[in-house]
Structures are given as C-alpha cells and as structure tokens.
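Q: Sharing upload35.cif (mmCIF, C-alpha atoms) below.
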```cif
data_query
#
loop_
_atom_site.group_PDB
_atom_site.id
_atom_site.type_symbol
_atom_site.label_atom_id
_atom_site.label_comp_id
_atom_site.auth_asym_id
_atom_site.auth_seq_id
_atom_site.Cartn_x
_atom_site.Cartn_y
_atom_site.Cartn_z
ATOM 1 C CA MET A 4 155.749 235.836 180.442
ATOM 2 C CA LYS A 5 153.210 233.883 178.355
ATOM 3 C CA PRO A 6 152.929 230.379 179.807
ATOM 4 C CA PHE A 7 150.193 229.040 177.492
ATOM 5 C CA GLU A 8 151.423 227.881 174.063
ATOM 6 C CA CYS A 9 149.436 226.749 171.022
ATOM 7 C CA ILE A 10 150.584 223.265 169.932
ATOM 8 C CA VAL A 11 149.795 224.058 166.279
ATOM 9 C CA CYS A 12 151.448 227.413 165.603
ATOM 10 C CA HIS A 13 153.366 227.820 168.906
ATOM 11 C CA LYS A 14 151.830 231.229 169.565
ATOM 12 C CA ARG A 15 151.882 232.029 173.286
ATOM 13 C CA PHE A 16 149.242 233.639 175.516
ATOM 14 C CA ILE A 17 149.043 235.103 179.011
ATOM 15 C CA ARG A 18 145.732 233.461 179.916
ATOM 16 C CA SER A 19 144.359 229.999 179.234
ATOM 17 C CA THR A 20 141.056 231.459 177.983
ATOM 18 C CA GLN A 21 142.975 233.276 175.238
ATOM 19 C CA LEU A 22 144.557 229.993 174.173
ATOM 20 C CA VAL A 23 141.147 228.290 174.088
ATOM 21 C CA GLN A 24 139.702 231.015 171.865
ATOM 22 C CA HIS A 25 142.769 230.974 169.621
ATOM 23 C CA SER A 26 142.610 227.184 169.175
ATOM 24 C CA ARG A 27 139.208 227.559 167.505
ATOM 25 C CA SER A 28 140.907 229.242 164.560
ATOM 26 C CA HIS A 29 142.736 225.963 163.879
ATOM 27 C CA SER A 30 139.842 223.596 164.609
ATOM 28 C CA GLY A 31 137.306 225.626 162.627
ATOM 29 C CA GLN A 32 134.911 225.608 165.571
ATOM 30 C CA LYS A 33 132.560 228.596 165.446
ATOM 31 C CA ALA A 34 130.817 228.738 168.781
ATOM 32 C CA PHE A 35 129.534 232.314 168.583
ATOM 33 C CA GLU A 36 126.410 232.849 166.476
ATOM 34 C CA CYS A 37 124.703 236.073 165.344
ATOM 35 C CA THR A 38 121.014 235.968 166.313
ATOM 36 C CA ASP A 39 120.044 238.195 163.340
ATOM 37 C CA CYS A 40 121.614 236.355 160.388
ATOM 38 C CA ASN A 41 122.865 233.102 161.994
ATOM 39 C CA LYS A 42 126.428 233.769 160.866
ATOM 40 C CA ARG A 43 128.958 232.087 163.167
ATOM 41 C CA PHE A 44 132.380 233.178 164.435
ATOM 42 C CA THR A 45 135.326 231.606 166.230
ATOM 43 C CA GLN A 46 135.941 234.629 168.464
ATOM 44 C CA PRO A 47 133.484 236.645 170.591
ATOM 45 C CA THR A 48 135.184 239.898 169.534
ATOM 46 C CA ALA A 49 134.497 239.040 165.879
ATOM 47 C CA LEU A 50 130.813 238.584 166.730
ATOM 48 C CA ILE A 51 130.730 241.952 168.513
ATOM 49 C CA ARG A 52 132.216 243.667 165.456
ATOM 50 C CA HIS A 53 129.798 241.855 163.142
ATOM 51 C CA ARG A 54 126.788 242.880 165.237
ATOM 52 C CA ARG A 55 127.456 246.514 164.367
ATOM 53 C CA ILE A 56 126.326 245.749 160.801
ATOM 54 C CA HIS A 57 122.821 245.069 162.090
ATOM 55 C CA SER A 58 122.696 247.698 164.835
ATOM 56 C CA GLY A 59 124.293 250.477 162.776
ATOM 57 C CA VAL A 60 126.500 251.489 165.727
ATOM 58 C CA LYS A 61 129.627 253.332 164.598
ATOM 59 C CA PRO A 62 131.718 254.212 167.662
ATOM 60 C CA PHE A 63 134.824 255.417 165.798
ATOM 61 C CA GLN A 64 134.715 258.977 164.425
ATOM 62 C CA CYS A 65 137.101 260.830 162.116
ATOM 63 C CA THR A 66 138.329 264.052 163.722
ATOM 64 C CA VAL A 67 138.703 265.749 160.310
ATOM 65 C CA CYS A 68 135.376 265.137 158.533
ATOM 66 C CA ASN A 69 133.359 263.598 161.419
ATOM 67 C CA ARG A 70 132.569 260.479 159.398
ATOM 68 C CA ARG A 71 131.908 257.478 161.645
ATOM 69 C CA PHE A 72 132.994 253.836 161.328
ATOM 70 C CA ALA A 73 131.979 250.535 162.868
ATOM 71 C CA GLN A 74 135.574 249.255 162.999
ATOM 72 C CA LYS A 75 138.685 250.972 164.357
ATOM 73 C CA GLY A 76 140.737 249.612 161.469
ATOM 74 C CA SER A 77 138.358 251.277 158.990
ATOM 75 C CA LEU A 78 138.916 254.616 160.721
ATOM 76 C CA VAL A 79 142.715 254.157 160.538
ATOM 77 C CA VAL A 80 142.520 253.455 156.802
ATOM 78 C CA HIS A 81 140.090 256.348 156.231
ATOM 79 C CA SER A 82 142.397 258.796 158.045
ATOM 80 C CA ARG A 83 144.993 258.147 155.349
ATOM 81 C CA THR A 84 142.673 259.784 152.784
ATOM 82 C CA HIS A 85 143.224 263.057 154.653
ATOM 83 C CA SER A 86 146.931 262.595 155.306
ATOM 84 C CA GLY A 87 147.703 261.042 151.911
ATOM 85 C CA VAL A 88 149.840 258.336 153.549
ATOM 86 C CA LYS A 89 150.160 255.189 151.413
ATOM 87 C CA PRO A 90 152.830 253.001 153.042
ATOM 88 C CA PHE A 91 152.420 249.892 150.854
ATOM 89 C CA GLU A 92 154.123 249.947 147.443
ATOM 90 C CA CYS A 93 153.852 247.503 144.540
ATOM 91 C CA THR A 94 157.299 246.182 143.561
ATOM 92 C CA VAL A 95 156.240 245.851 139.899
ATOM 93 C CA CYS A 96 154.636 249.196 139.022
ATOM 94 C CA SER A 97 155.425 251.247 142.170
ATOM 95 C CA LYS A 98 151.726 251.977 142.764
ATOM 96 C CA ARG A 99 151.076 252.711 146.431
ATOM 97 C CA PHE A 100 148.200 251.708 148.709
ATOM 98 C CA ALA A 101 146.820 252.795 152.054
ATOM 99 C CA ILE A 102 146.298 249.222 153.303
ATOM 100 C CA SER A 103 148.262 246.027 152.738
ATOM 101 C CA ALA A 104 145.186 244.021 151.678
ATOM 102 C CA ASN A 105 144.726 246.305 148.650
ATOM 103 C CA LEU A 106 148.355 245.731 147.679
ATOM 104 C CA VAL A 107 147.866 241.953 147.856
ATOM 105 C CA VAL A 108 144.801 242.188 145.610
ATOM 106 C CA HIS A 109 146.568 244.581 143.225
ATOM 107 C CA SER A 110 149.566 242.244 142.869
ATOM 108 C CA ARG A 111 147.228 239.652 141.337
ATOM 109 C CA THR A 112 146.674 241.989 138.376
ATOM 110 C CA HIS A 113 150.335 241.410 137.500
ATOM 111 C CA SER A 114 150.345 237.674 138.204
ATOM 112 C CA GLY A 115 146.893 237.024 136.697
ATOM 113 C CA GLU A 116 146.063 234.812 139.680
ATOM 114 C CA LYS A 117 142.340 234.069 140.167
ATOM 115 C CA GLY A 118 142.132 231.389 142.821
ATOM 116 C CA PHE A 119 138.450 231.775 143.747
ATOM 117 C CA ARG A 120 136.058 230.042 141.322
ATOM 118 C CA CYS A 121 132.251 229.989 141.228
ATOM 119 C CA HIS A 122 130.910 226.409 141.257
ATOM 120 C CA VAL A 123 127.760 227.498 139.372
ATOM 121 C CA CYS A 124 129.088 229.345 136.315
ATOM 122 C CA ASP A 125 132.833 228.610 136.700
ATOM 123 C CA LYS A 126 133.719 232.326 136.717
ATOM 124 C CA ALA A 127 136.984 233.018 138.566
ATOM 125 C CA PHE A 128 137.904 235.894 140.891
ATOM 126 C CA ASN A 129 141.091 237.171 142.489
ATOM 127 C CA GLN A 130 139.346 237.867 145.824
ATOM 128 C CA LEU A 131 137.184 235.692 148.045
ATOM 129 C CA ARG A 132 135.051 238.741 148.775
ATOM 130 C CA CYS A 133 134.305 239.145 145.061
ATOM 131 C CA LEU A 134 133.308 235.492 144.801
ATOM 132 C CA LYS A 135 130.943 235.778 147.764
ATOM 133 C CA THR A 136 129.345 238.888 146.296
ATOM 134 C CA HIS A 137 129.073 237.179 142.904
ATOM 135 C CA MET A 138 127.278 234.203 144.447
ATOM 136 C CA TRP A 139 124.445 236.511 145.480
ATOM 137 C CA LEU A 140 123.665 236.894 141.762
ATOM 138 C CA HIS A 141 122.810 233.197 141.707
ATOM 139 C CA THR A 142 121.018 233.127 145.059
ATOM 140 C CA GLY A 143 119.308 236.525 144.713
ATOM 141 C CA GLU A 144 120.404 237.428 148.221
ATOM 142 C CA LYS A 145 120.576 241.127 149.170
ATOM 143 C CA PRO A 146 121.647 241.213 152.819
ATOM 144 C CA TYR A 147 122.130 244.958 153.162
ATOM 145 C CA LYS A 148 118.805 246.734 153.721
ATOM 146 C CA CYS A 149 118.241 250.463 154.070
ATOM 147 C CA LEU A 150 115.993 251.228 157.058
ATOM 148 C CA LEU A 151 114.890 254.553 155.552
ATOM 149 C CA CYS A 152 113.577 253.427 152.159
ATOM 150 C CA ASP A 153 113.615 249.604 152.496
ATOM 151 C CA LYS A 154 115.889 249.266 149.454
ATOM 152 C CA SER A 155 118.185 246.225 149.499
ATOM 153 C CA PHE A 156 121.742 245.774 148.251
ATOM 154 C CA SER A 157 123.969 242.800 147.551
ATOM 155 C CA GLN A 158 127.165 244.774 148.257
ATOM 156 C CA SER A 159 128.142 246.663 151.387
ATOM 157 C CA SER A 160 129.834 249.349 149.284
ATOM 158 C CA GLY A 161 126.612 249.964 147.355
ATOM 159 C CA PHE A 162 124.681 250.173 150.613
ATOM 160 C CA GLN A 163 127.109 252.675 152.152
ATOM 161 C CA TYR A 164 127.119 254.752 148.955
ATOM 162 C CA HIS A 165 123.299 254.767 148.947
ATOM 163 C CA LYS A 166 123.137 256.044 152.530
ATOM 164 C CA ARG A 167 125.671 258.813 151.927
ATOM 165 C CA CYS A 168 124.400 259.997 148.553
ATOM 166 C CA VAL A 169 120.638 259.521 148.870
ATOM 167 C CA HIS A 170 119.668 260.057 152.511
ATOM 168 C CA SER A 171 122.501 262.190 153.854
ATOM 169 C CA LYS A 172 122.928 265.897 153.120
ATOM 170 C CA ARG A 173 126.459 266.045 154.506
ATOM 171 C CA ARG A 174 129.151 267.018 152.005
ATOM 172 C CA PRO A 175 132.427 266.954 153.963
ATOM 173 C CA TYR A 176 134.783 266.996 150.955
ATOM 174 C CA HIS A 177 135.584 270.526 149.757
ATOM 175 C CA CYS A 178 137.176 271.400 146.428
ATOM 176 C CA PRO A 179 140.274 273.562 147.049
ATOM 177 C CA TYR A 180 139.766 275.379 143.727
ATOM 178 C CA CYS A 181 136.057 276.296 143.777
ATOM 179 C CA VAL A 182 132.998 276.395 146.053
ATOM 180 C CA LEU A 183 131.757 272.890 145.316
ATOM 181 C CA LYS A 184 131.395 270.250 148.015
ATOM 182 C CA PHE A 185 131.033 266.476 147.675
ATOM 183 C CA LYS A 186 129.633 263.572 149.635
ATOM 184 C CA THR A 187 132.506 261.181 148.898
ATOM 185 C CA ASP A 188 136.248 261.512 148.372
ATOM 186 C CA ILE A 189 135.908 259.626 145.069
ATOM 187 C CA HIS A 190 133.552 262.272 143.683
ATOM 188 C CA LEU A 191 135.996 264.976 144.771
ATOM 189 C CA LYS A 192 138.907 263.219 143.056
ATOM 190 C CA LEU A 193 136.906 262.962 139.834
ATOM 191 C CA HIS A 194 135.927 266.625 140.021
ATOM 192 C CA LEU A 195 139.526 267.762 140.571
ATOM 193 C CA ARG A 196 140.361 266.624 137.054
ATOM 194 C CA VAL A 197 138.316 269.600 135.831
ATOM 195 C CA HIS A 198 140.781 271.966 137.503
ATOM 196 C CA THR A 199 144.028 270.038 137.068
ATOM 197 C CA GLY A 200 143.378 268.873 133.511
ATOM 198 C CA ALA A 201 144.533 265.358 134.458
ATOM 199 C CA LYS A 202 144.005 262.715 131.792
ATOM 200 C CA PRO A 203 144.939 259.378 133.388
ATOM 201 C CA TYR A 204 143.531 257.138 130.637
ATOM 202 C CA SER A 205 145.944 256.753 127.713
ATOM 203 C CA CYS A 206 145.478 254.878 124.435
ATOM 204 C CA ARG A 207 147.935 252.033 123.894
ATOM 205 C CA HIS A 208 147.764 252.495 120.117
ATOM 206 C CA CYS A 209 148.389 256.242 119.849
ATOM 207 C CA SER A 210 149.352 259.236 121.989
ATOM 208 C CA ASP A 211 145.798 260.323 122.865
ATOM 209 C CA CYS A 212 144.885 260.645 126.556
ATOM 210 C CA PHE A 213 141.487 261.034 128.181
ATOM 211 C CA THR A 214 139.965 262.338 131.390
ATOM 212 C CA TRP A 215 137.392 259.534 131.710
ATOM 213 C CA ASN A 216 137.590 255.819 131.060
ATOM 214 C CA VAL A 217 134.407 255.883 128.958
ATOM 215 C CA GLN A 218 136.095 258.369 126.610
ATOM 216 C CA LEU A 219 138.979 255.953 126.122
ATOM 217 C CA LYS A 220 136.613 253.061 125.363
ATOM 218 C CA THR A 221 134.757 255.169 122.798
ATOM 219 C CA HIS A 222 138.062 256.231 121.231
ATOM 220 C CA LEU A 223 139.253 252.624 120.945
ATOM 221 C CA LEU A 224 136.043 251.699 119.149
ATOM 222 C CA LYS A 225 135.957 254.619 116.735
ATOM 223 C CA SER A 226 139.668 255.025 116.000
ATOM 224 C CA HIS A 227 141.115 251.533 116.423
ATOM 225 C CA ASN A 228 138.068 249.259 116.040
ATOM 226 C CA GLU A 229 138.822 247.663 119.413
ATOM 227 C CA GLY A 230 135.848 246.564 121.496
ATOM 228 C CA THR A 231 132.213 245.806 120.751
ATOM 229 C CA TRP A 232 129.650 248.082 119.146
ATOM 230 C CA PHE A 233 126.050 247.909 120.332
ATOM 231 C CA SER A 234 123.776 247.958 117.273
ATOM 232 C CA CYS A 235 120.085 248.774 117.038
ATOM 233 C CA ASP A 236 118.122 245.911 115.431
ATOM 234 C CA ILE A 237 115.613 248.367 113.976
ATOM 235 C CA CYS A 238 117.705 251.089 112.319
ATOM 236 C CA GLU A 239 121.204 249.539 112.652
ATOM 237 C CA LYS A 240 122.548 252.633 114.387
ATOM 238 C CA LYS A 241 125.663 251.850 116.426
ATOM 239 C CA PHE A 242 126.481 252.896 119.977
ATOM 240 C CA SER A 243 129.642 252.636 122.040
ATOM 241 C CA ARG A 244 127.687 252.044 125.265
ATOM 242 C CA ASN A 245 124.885 249.598 125.959
ATOM 243 C CA GLY A 246 123.075 252.187 128.075
ATOM 244 C CA HIS A 247 122.847 254.528 125.088
ATOM 245 C CA LEU A 248 121.376 251.726 122.968
ATOM 246 C CA LYS A 249 118.701 251.025 125.594
ATOM 247 C CA LEU A 250 117.683 254.688 125.628
ATOM 248 C CA HIS A 251 117.619 254.702 121.834
ATOM 249 C CA LEU A 252 115.300 251.659 121.747
ATOM 250 C CA LEU A 253 112.833 253.472 124.005
ATOM 251 C CA ARG A 254 112.415 256.120 121.323
ATOM 252 C CA HIS A 255 111.670 253.444 118.726
ATOM 253 C CA LYS A 256 109.026 251.942 120.971
ATOM 254 C CA GLN A 257 107.771 255.437 121.861
ATOM 255 C CA VAL A 258 107.867 254.452 125.512
ATOM 256 C CA LYS A 259 107.707 257.515 127.763
ATOM 257 C CA PRO A 260 107.436 256.309 131.354
ATOM 258 C CA TYR A 261 108.579 259.555 132.998
ATOM 259 C CA VAL A 262 105.739 262.066 133.568
ATOM 260 C CA CYS A 263 106.141 265.657 134.714
ATOM 261 C CA ARG A 264 104.324 266.431 137.976
ATOM 262 C CA GLU A 265 103.615 270.004 136.875
ATOM 263 C CA CYS A 266 102.270 269.374 133.368
ATOM 264 C CA PRO A 267 101.144 266.401 131.204
ATOM 265 C CA LYS A 268 104.410 266.117 129.260
ATOM 266 C CA ARG A 269 106.089 262.669 129.171
ATOM 267 C CA PHE A 270 109.721 261.660 128.523
ATOM 268 C CA CYS A 271 111.746 258.567 127.605
ATOM 269 C CA THR A 272 114.425 259.080 130.230
ATOM 270 C CA ALA A 273 114.714 260.428 133.759
ATOM 271 C CA ALA A 274 117.440 262.815 132.563
ATOM 272 C CA ALA A 275 115.107 264.327 129.963
ATOM 273 C CA LEU A 276 112.406 264.784 132.598
ATOM 274 C CA LYS A 277 114.819 266.487 135.006
ATOM 275 C CA SER A 278 115.980 268.794 132.232
ATOM 276 C CA HIS A 279 112.380 269.687 131.430
ATOM 277 C CA GLN A 280 111.533 270.406 135.078
ATOM 278 C CA LEU A 281 113.798 273.453 134.918
ATOM 279 C CA VAL A 282 110.949 275.145 133.050
ATOM 280 C CA HIS A 283 108.869 274.985 136.221
ATOM 281 C CA SER A 284 111.689 275.897 138.606
ATOM 282 C CA SER A 285 112.952 279.354 139.489
ATOM 283 C CA LEU A 286 116.133 278.019 141.131
ATOM 284 C CA PRO A 287 119.540 277.799 139.374
ATOM 285 C CA GLN A 288 120.217 274.139 138.655
ATOM 286 C CA PHE A 289 123.584 274.124 136.888
ATOM 287 C CA CYS A 290 127.005 275.058 138.170
ATOM 288 C CA CYS A 291 130.258 275.919 136.412
ATOM 289 C CA GLY A 292 132.836 273.390 137.594
ATOM 290 C CA LYS A 293 135.619 275.930 137.097
ATOM 291 C CA CYS A 294 134.417 278.978 139.022
ATOM 292 C CA GLY A 295 131.315 277.751 140.864
ATOM 293 C CA LYS A 296 128.858 280.221 139.273
ATOM 294 C CA TYR A 297 125.257 278.982 139.048
ATOM 295 C CA PHE A 298 122.829 279.031 136.107
ATOM 296 C CA LYS A 299 119.225 277.984 135.587
ATOM 297 C CA HIS A 300 119.628 276.587 132.062
ATOM 298 C CA LYS A 301 122.303 274.281 130.710
ATOM 299 C CA ARG A 302 122.726 276.323 127.537
ATOM 300 C CA ASN A 303 123.759 279.323 129.653
ATOM 301 C CA VAL A 304 126.380 277.412 131.611
ATOM 302 C CA VAL A 305 127.710 275.943 128.339
ATOM 303 C CA SER A 306 128.196 279.401 126.915
ATOM 304 C CA HIS A 307 129.752 280.643 130.156
ATOM 305 C CA PHE A 308 132.053 277.662 130.508
ATOM 306 C CA GLU A 309 133.546 278.178 127.044
ATOM 307 C CA ARG A 310 134.757 281.524 128.321
ATOM 308 C CA CYS A 311 136.007 279.958 131.576
ATOM 309 C CA CYS A 312 138.143 277.226 130.033
ATOM 310 C CA ASP A 313 138.298 274.805 127.111
ATOM 311 C CA ASP A 314 137.178 271.620 128.874
ATOM 312 C CA ARG A 315 133.419 271.013 128.575
ATOM 313 C CA LEU A 316 133.720 268.255 131.149
ATOM 314 C CA GLY A 317 133.564 270.915 133.816
ATOM 315 C CA ILE A 318 129.843 271.452 133.187
ATOM 316 C CA ILE A 319 128.161 269.901 136.184
ATOM 317 C CA SER A 320 124.452 269.375 136.776
ATOM 318 C CA LEU A 321 123.136 269.551 140.296
ATOM 319 C CA PHE A 322 121.093 266.462 139.504
ATOM 320 C CA ASN A 323 124.387 264.595 139.604
ATOM 321 C CA PRO A 324 125.025 263.342 143.179
ATOM 322 C CA ARG A 325 128.671 264.338 142.875
ATOM 323 C CA VAL A 326 127.822 267.991 143.137
ATOM 324 C CA CYS A 327 126.766 270.135 146.037
ATOM 325 C CA LYS A 328 123.472 271.953 146.338
#
```
Could you write out this file's structure as structure tokens?

A:
Amino acid sequence: MKPFECIVCHKRFIRSTQLVQHSRSHSGQKAFECTDCNKRFTQPTALIRHRRIHSGVKPFQCTVCNRRFAQKGSLVVHSRTHSGVKPFECTVCSKRFAISANLVVHSRTHSGEKGFRCHVCDKAFNQLRCLKTHMWLHTGEKPYKCLLCDKSFSQSSGFQYHKRCVHSKRRPYHCPYCVLKFKTDIHLKLHLRVHTGAKPYSCRHCSDCFTWNVQLKTHLLKSHNEGTWFSCDICEKKFSRNGHLKLHLLRHKQVKPYVCRECPKRFCTAAALKSHQLVHSSLPQFCCGKCGKYFKHKRNVVSHFERCCDDRLGIISLFNPRVCK
C-alpha cells in the first residue's frame, strides 16, 4: 500500500519523505548543491551520482572486460556491446539501438525535428545535450579536466576517450581474426572492416560503395561535383579535406615546427616526424591488419599486404591509437 499521493501526477509513495522529494520535480526546487561546481539537483540521489564526476569513483564493473562505470545504467548499456542485444527498433528504417534514448534521438533524423536552439548564433539541435555542449563554444568553458596531464575538454566523451587512449594501456577489445587489440569497441568495429570487407557508405548517384565516410565524400567531389573543394590561395591546388589544405599551406610557408629529438631534421607535420623516427628505432612499428605480422618500415608492410589481400586499408601504423602495441 502506498498512502502518499502526488496531487500533480497522482504517483503514489510508501513514505512521506519520498513524496516530498518527488514534489520538487514539479516545483523546480533544487535543494541539493554540488560543492565543487555549484550545480543543483532536486534529488539527493542525483547529487550522489553527479559527485562521481568529480571524485572519479566508478563502483560498477563489467564482468567481461573489467571496464568500470560511475552509473549502474551505464554498465547495463555497456553490457549490451558484449551481448549484442539491441531491444529498441526504429519503425521507419528498422535500425536498432541498445538504449531507448538513442532511438528517440535517431527518430529526429527522420522527422527533421530540432527543438533546441542557441540564443547566441541561432543554431538548432535535436538534443538538449548537444545544445549545452555547443554553448561551451561561446563561453569557452571546458569542465572536464584530466588530472594526469591537466588537459581540459568541453565534452565528457572526449574526456573519456582521452583517458582510455592516452593514459591507459589497457586494450580489452580483441580482434577475432588477428592478433590486434584495441582500447575501444569503436576502434575494433572500424578495424573489422579490414577482414569482412564491409563497405557501409554507398553513393546515392551511382553503385559505388566505400569502407570509410571520407572516401565517400572524396568520391562525391571528384565524380559528382557534390560538396566543397578547399583551394590553395597560392597555387590554386584543390583538396577534398580542409586538413589536407592546412598541411599543404605549411609547405608553402616552409614552416617545420616538428623537430627530431635524435637529429636536427625538422618536419611540417607530426606524421612526417613519426615516420622519420623509424630511422632511429630498431623496433617494428607497422602491422599488417590482415595477419598481424610486424614490420619496421611502411614500404615493407605495403609490399607484404598486397600479397595478403587487395585492400590497402588494412595497413595500420602503431602510431594510430586504434592499434595495439
């Protein structure tokens, strides 16, 4: 029996204290304040959960990969990555999701609904979370700080990714086809395309399909003139990606900010420096994504990989955080 009833929504409770706490959700009263960031909450349990962000306490552990979580609900959702259970299905495209909130957000891609608007630049979003994160661009706020390197992040996902891929050596995700291991399930899923040959990105103008989204964007530009080219103001050379243009401009300016620690050579990009450092290293730095064999020089793994399979996308550098050491 639940003798205490809410006069607003008629929800019933066993104890009067539960009714008092529940009533704050209707009145908007937030009596519980975080002493670290001054954020306020209507329920004491919500404050306790929030405090784990600052303390770093993660009491819930996955029994499969030993990854830990601050919230029990996060552990439940994570466990579905191992079991493959996705109980929530989109009625339009039949795409399935592990949690209902993702289905709600996905459904807005069909309806085009963007009900959350920025009052500064008038940009609209389909999630309140995206709007809040966007607002940090205007305020410059970066609330997530790494205690190991003092780097700050505006997004929790970026902060969690930084901790796993920069400071942690754990690689709990194993490829079932080769010896490689990965720090995140996303990196494993991307790598599996090397073995399965999956090409999920298809051109809407022709029958061509691609393994990576960037390949599709480049194809649309070159074959169908769809999209925007990035042109060099000096030599008028065109690029499909803005990042490639920026690297190209460094060569025009002869800017070489990356210096080798072993010799006086300088380079325009960090990638060029890392490639050069193989000269000073005796360790194999490149791995065949098909069979897992290691090589010191990229040219050797390229030659080997052509014998392994046709897809050059399987060539993986150990400098890439997706790949195991």

Q: Excluding region 229-244 of chain A and its own-chain neighbours fewer than 5 positions away, which residues fall within 10 Å of it when counting all atoms listed in the file? Please give them as a list in words.

A: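 Neighbouring residues, sequence-local ones excluded: Val217, Gln218, Lys220, Thr221, His222, Leu223, Leu224, Lys249, His251, Leu252 and His255 of chain A.
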
Q: For the file shown, report as an NGL selection string the outcome of the PyMOL selection byres ((chain A and resi 33-37) around 12) at residue level.

A: :A and (23-32 or 38-58)

Q: Which residues are near His279 (chain A)? Cut-off 10 Å, all atoms listed in the file, ignore same chain within fewer than 4 positions. Put them as number ranges by chain.

A: A: 263, 268-270, 273-275, 283-284

Q: So how far away is CA of Pro62 (chain A) from CA of Lys75 (chain A), in Å?

A: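 According to the coordinates, CA of Lys75 (chain A) and CA of Pro62 (chain A) are separated by 8.4 Å.
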
Q: Please indicate the distance in Å from CA of Cys93 (chain A) to CA of His194 (chain A), rounded to one decimal place.

A: 26.6 Å

Q: Have a look at A:Pro267, A:Gly295, A:Pro175, A:Pro6 and name the one nearest to Thr66 (chain A); count all atoms listed in the file.

A: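 Of all the options, A:Pro175 lies closest to Thr66 (chain A).
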
Q: What is the distance, in Å and to one decimal place, between CA of Val107 (chain A) and CA of Val80 (chain A)?

A: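 Taking CA of Val107 (chain A) and CA of Val80 (chain A), their separation equals 15.5 Å.
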
Q: Near Lys259 (chain A), within 8 Å and counting all atoms listed in the file, which residues show up once chain neighbours fewer than 2 positions away are dropped, as an mmCIF file with C-alpha atoms, keeping the file's coordinate frame?

A:
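And here's out01.cif as it stands now:
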```cif
data_model
loop_
_atom_site.group_PDB
_atom_site.id
_atom_site.type_symbol
_atom_site.label_atom_id
_atom_site.label_comp_id
_atom_site.auth_asym_id
_atom_site.auth_seq_id
_atom_site.Cartn_x
_atom_site.Cartn_y
_atom_site.Cartn_z
ATOM 1 C CA LEU A 253 112.833 253.472 124.005
ATOM 2 C CA GLN A 257 107.771 255.437 121.861
ATOM 3 C CA TYR A 261 108.579 259.555 132.998
ATOM 4 C CA VAL A 262 105.739 262.066 133.568
ATOM 5 C CA ARG A 269 106.089 262.669 129.171
ATOM 6 C CA PHE A 270 109.721 261.660 128.523
ATOM 7 C CA CYS A 271 111.746 258.567 127.605
ATOM 8 C CA THR A 272 114.425 259.080 130.230
#
```
